[in-house]
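**Student:** Just so it is clear, I am handing over structure_34.csv, which has CSV, C-alpha atoms.
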chain,number,residue,atom,x,y,z
N,22,MET,CA,16.9,16.9,-32.2
N,23,PRO,CA,19.8,19.4,-32.8
N,24,ASP,CA,21.4,19.6,-36.2
N,25,ASN,CA,24.6,21.2,-37.7
N,26,SER,CA,22.9,24.6,-37.9
N,27,SER,CA,22.1,24.6,-34.2
N,28,GLN,CA,24.1,26.9,-31.8
N,29,TRP,CA,24.8,26.5,-28.1
N,30,TYR,CA,23.1,28.7,-25.5
N,31,SER,CA,23.1,28.8,-21.8
N,32,VAL,CA,19.9,29.8,-20.0
N,33,ARG,CA,19.7,31.0,-16.4
N,34,CYS,CA,16.3,30.3,-14.8
N,35,VAL,CA,15.3,31.4,-11.3
N,36,PHE,CA,13.3,29.2,-8.9
N,37,GLN,CA,11.6,30.0,-5.5
N,38,SER,CA,11.1,27.6,-2.6
N,39,PRO,CA,9.7,28.2,0.9
N,40,SER,CA,12.3,28.4,3.6
N,41,GLU,CA,12.4,29.0,7.3
N,42,ASP,CA,13.1,32.7,6.8
N,43,GLY,CA,10.7,33.3,3.9
N,44,PHE,CA,12.0,32.0,0.5
N,45,ALA,CA,15.0,30.5,-1.0
N,46,TYR,CA,15.9,31.5,-4.6
N,47,GLU,CA,17.9,29.2,-6.8
N,48,GLU,CA,19.6,30.3,-10.1
N,49,ARG,CA,20.3,27.5,-12.5
N,50,VAL,CA,22.3,27.8,-15.7
N,51,THR,CA,21.7,25.0,-18.2
N,52,LEU,CA,23.2,24.4,-21.6
N,53,TRP,CA,21.1,24.0,-24.8
N,54,GLN,CA,21.8,23.3,-28.4
N,55,ALA,CA,19.0,25.1,-30.4
N,56,LYS,CA,18.3,26.9,-33.7
N,57,ASP,CA,18.1,30.3,-32.0
N,58,ILE,CA,17.9,32.1,-28.6
N,59,ASP,CA,14.1,31.9,-28.4
N,60,ASP,CA,14.2,28.1,-29.0
N,61,ALA,CA,16.9,27.8,-26.3
N,62,ILE,CA,14.7,29.6,-23.8
N,63,ALA,CA,11.6,27.5,-24.8
N,64,LEU,CA,13.7,24.3,-24.2
N,65,ALA,CA,15.0,25.6,-20.9
N,66,GLU,CA,11.5,26.6,-19.7
N,67,THR,CA,10.1,23.2,-20.6
N,68,GLU,CA,12.9,21.7,-18.4
N,69,ALA,CA,12.3,24.3,-15.7
N,70,ILE,CA,8.7,23.1,-15.4
N,71,ALA,CA,9.9,19.5,-14.9
N,72,TYR,CA,12.5,20.7,-12.4
N,73,GLU,CA,10.1,22.7,-10.3
N,74,LYS,CA,7.9,19.6,-10.0
N,75,GLU,CA,10.8,17.4,-9.0
N,76,MET,CA,12.3,19.9,-6.6
N,77,LYS,CA,8.9,21.2,-5.2
N,78,ALA,CA,10.0,24.7,-6.2
N,79,GLU,CA,8.3,27.4,-8.2
N,80,TYR,CA,9.7,28.6,-11.5
N,81,THR,CA,9.6,32.4,-11.3
N,82,GLY,CA,9.3,32.9,-15.1
N,83,MET,CA,12.8,34.5,-15.1
N,84,ALA,CA,14.9,33.2,-18.0
N,85,GLN,CA,18.0,34.9,-19.4
N,86,ALA,CA,19.9,33.4,-22.3
N,87,TYR,CA,23.4,33.8,-23.5
N,88,TRP,CA,24.7,32.7,-27.0
N,89,LEU,CA,27.9,30.7,-26.9
N,90,PHE,CA,29.9,31.6,-30.0
N,91,ALA,CA,31.5,28.1,-30.2
N,92,PRO,CA,30.7,24.6,-28.8
N,93,PRO,CA,31.3,24.4,-25.0
N,94,LYS,CA,34.8,23.5,-23.8
N,95,ASN,CA,36.9,23.9,-20.6
N,96,GLY,CA,37.2,27.4,-19.4
N,97,MET,CA,34.6,28.8,-21.9
N,98,GLU,CA,32.3,31.6,-20.8
N,99,VAL,CA,28.8,30.2,-20.6
N,100,PHE,CA,26.9,33.1,-19.1
N,101,SER,CA,27.5,36.8,-18.6
N,102,LEU,CA,25.4,39.5,-17.1
N,103,VAL,CA,26.6,43.1,-16.7
N,104,ARG,CA,24.9,45.2,-14.0
N,105,GLN,CA,25.7,49.0,-13.6
N,106,SER,CA,26.2,50.0,-9.9
N,107,GLN,CA,27.7,52.8,-7.8
N,108,LEU,CA,28.7,50.3,-5.2
N,109,ALA,CA,32.4,49.6,-4.4
N,110,SER,CA,33.3,46.0,-5.1
N,111,ASP,CA,33.1,44.7,-1.5
N,112,ASP,CA,29.7,46.3,-1.1
N,113,TYR,CA,28.5,45.1,-4.4
N,114,LEU,CA,29.5,41.5,-3.6
N,115,ASP,CA,27.9,41.7,-0.2
N,116,ARG,CA,24.6,43.0,-1.7
N,117,PHE,CA,24.3,40.6,-4.6
N,118,PHE,CA,26.5,37.5,-4.0
N,119,ASP,CA,27.6,37.2,-0.4
N,120,THR,CA,24.7,38.3,1.7
N,121,GLY,CA,25.2,35.5,4.3
N,122,ASP,CA,22.0,33.8,3.3
N,123,GLU,CA,23.4,31.6,0.5
N,124,SER,CA,23.4,27.8,0.8
N,125,GLN,CA,26.9,27.0,-0.2
N,126,GLY,CA,29.9,25.0,0.8
N,127,ARG,CA,33.0,23.3,-0.3
N,128,TRP,CA,33.1,19.7,-1.6
N,129,THR,CA,36.4,17.8,-1.2
N,130,GLU,CA,37.2,14.4,-2.6
N,131,GLU,CA,38.4,12.0,0.0
Let me see the structure of the file written as structure tokens.
**Tutor:**
Amino acid sequence: MPDNSSQWYSVRCVFQSPSEDGFAYEERVTLWQAKDIDDAIALAETEAIAYEKEMKAEYTGMAQAYWLFAPPKNGMEVFSLVRQSQLASDDYLDRFFDTGDESQGRWTEE
């Protein structure tokens, strides 16, 4: 149970599932209140094992954590990863984020 000395962390875990074209990879970012970053990762990995069973996916063992310097609120940064690259922005986005193989869409409220 979190106490007043706990901090907030986000943890990104990566999952793999079979797909028609090989594998689908899901990146999930979850929020945890924990005493330190190692505890946050342990909590996230425990949840990841339950999630993989529920979703019939495999947890890849990849977990990256980010310390939130204050409790979560609207517009707050909850995860950050900096990657060095020689690619121009369009090429970078095409390579890592918009390959055409993403399962994404828009949700609209009727």
**Student:** Work out how far atom CA of Val32 of chain N is from atom CA of Asp111 of chain N, in Å to one decimal.
**Tutor:**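 Atom-to-atom, atom CA of Asp111 of chain N and atom CA of Val32 of chain N are spaced 27.2 Å apart.
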**Student:** What does the structure give for the distance between atom CA of Ala61 of chain N and atom CA of Gln28 of chain N, in Å to one decimal?
**Tutor:**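 Computed distance, atom CA of Ala61 of chain N to atom CA of Gln28 of chain N, equals 9.1 Å.
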**Student:** Just want the 12 Å neighbourhood of Gln54 of chain N, counted on all atoms listed in the file, with same-chain residues fewer than 6 positions away dropped. Output as number ranges by chain.
**Tutor:** N: 22-32, 60-65, 86-93
**Student:** Need the shell around Met83 of chain N: protein/DNA/RNA residues with any atom at most 8 Å away, counting only C-alpha atoms. Skip same-chain ones fewer than 6 positions apart. Format as a VMD selection string?
**Tutor:** chain N and resid 33 to 35
**Student:** Could you take the residues named above and write them with C-alpha atoms, as a PDB file, keeping the file's coordinate frame?
**Tutor:**
ATOM      1  CA  ARG N  33      19.700  31.000 -16.400  1.00  0.00           C
ATOM      2  CA  CYS N  34      16.300  30.300 -14.800  1.00  0.00           C
ATOM      3  CA  VAL N  35      15.300  31.400 -11.300  1.00  0.00           C
TER       4      VAL N  35
END
**Student:** Please compute the atom CA of Thr120 of chain N-atom CA of Glu48 of chain N distance, one decimal, in Å.
**Tutor:**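 Computing it gives 15.1 Å between the two atoms.
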**Student:** Under the rule that only C-alpha atoms are counted, which of N:Asp115, N:Glu47, N:Ser101, N:Glu41 is the nearest residue to Glu79 of chain N?
**Tutor:**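 Nearest to Glu79 of chain N: N:Glu47.
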**Student:** Nearest residue to Glu98 of chain N out of N:Ala84, N:Leu52, N:Asp42, N:Gln37, using all atoms listed in the file?
**Tutor:**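 Nearest candidate to Glu98 of chain N out of N:Ala84, N:Leu52, N:Asp42, N:Gln37: N:Leu52.
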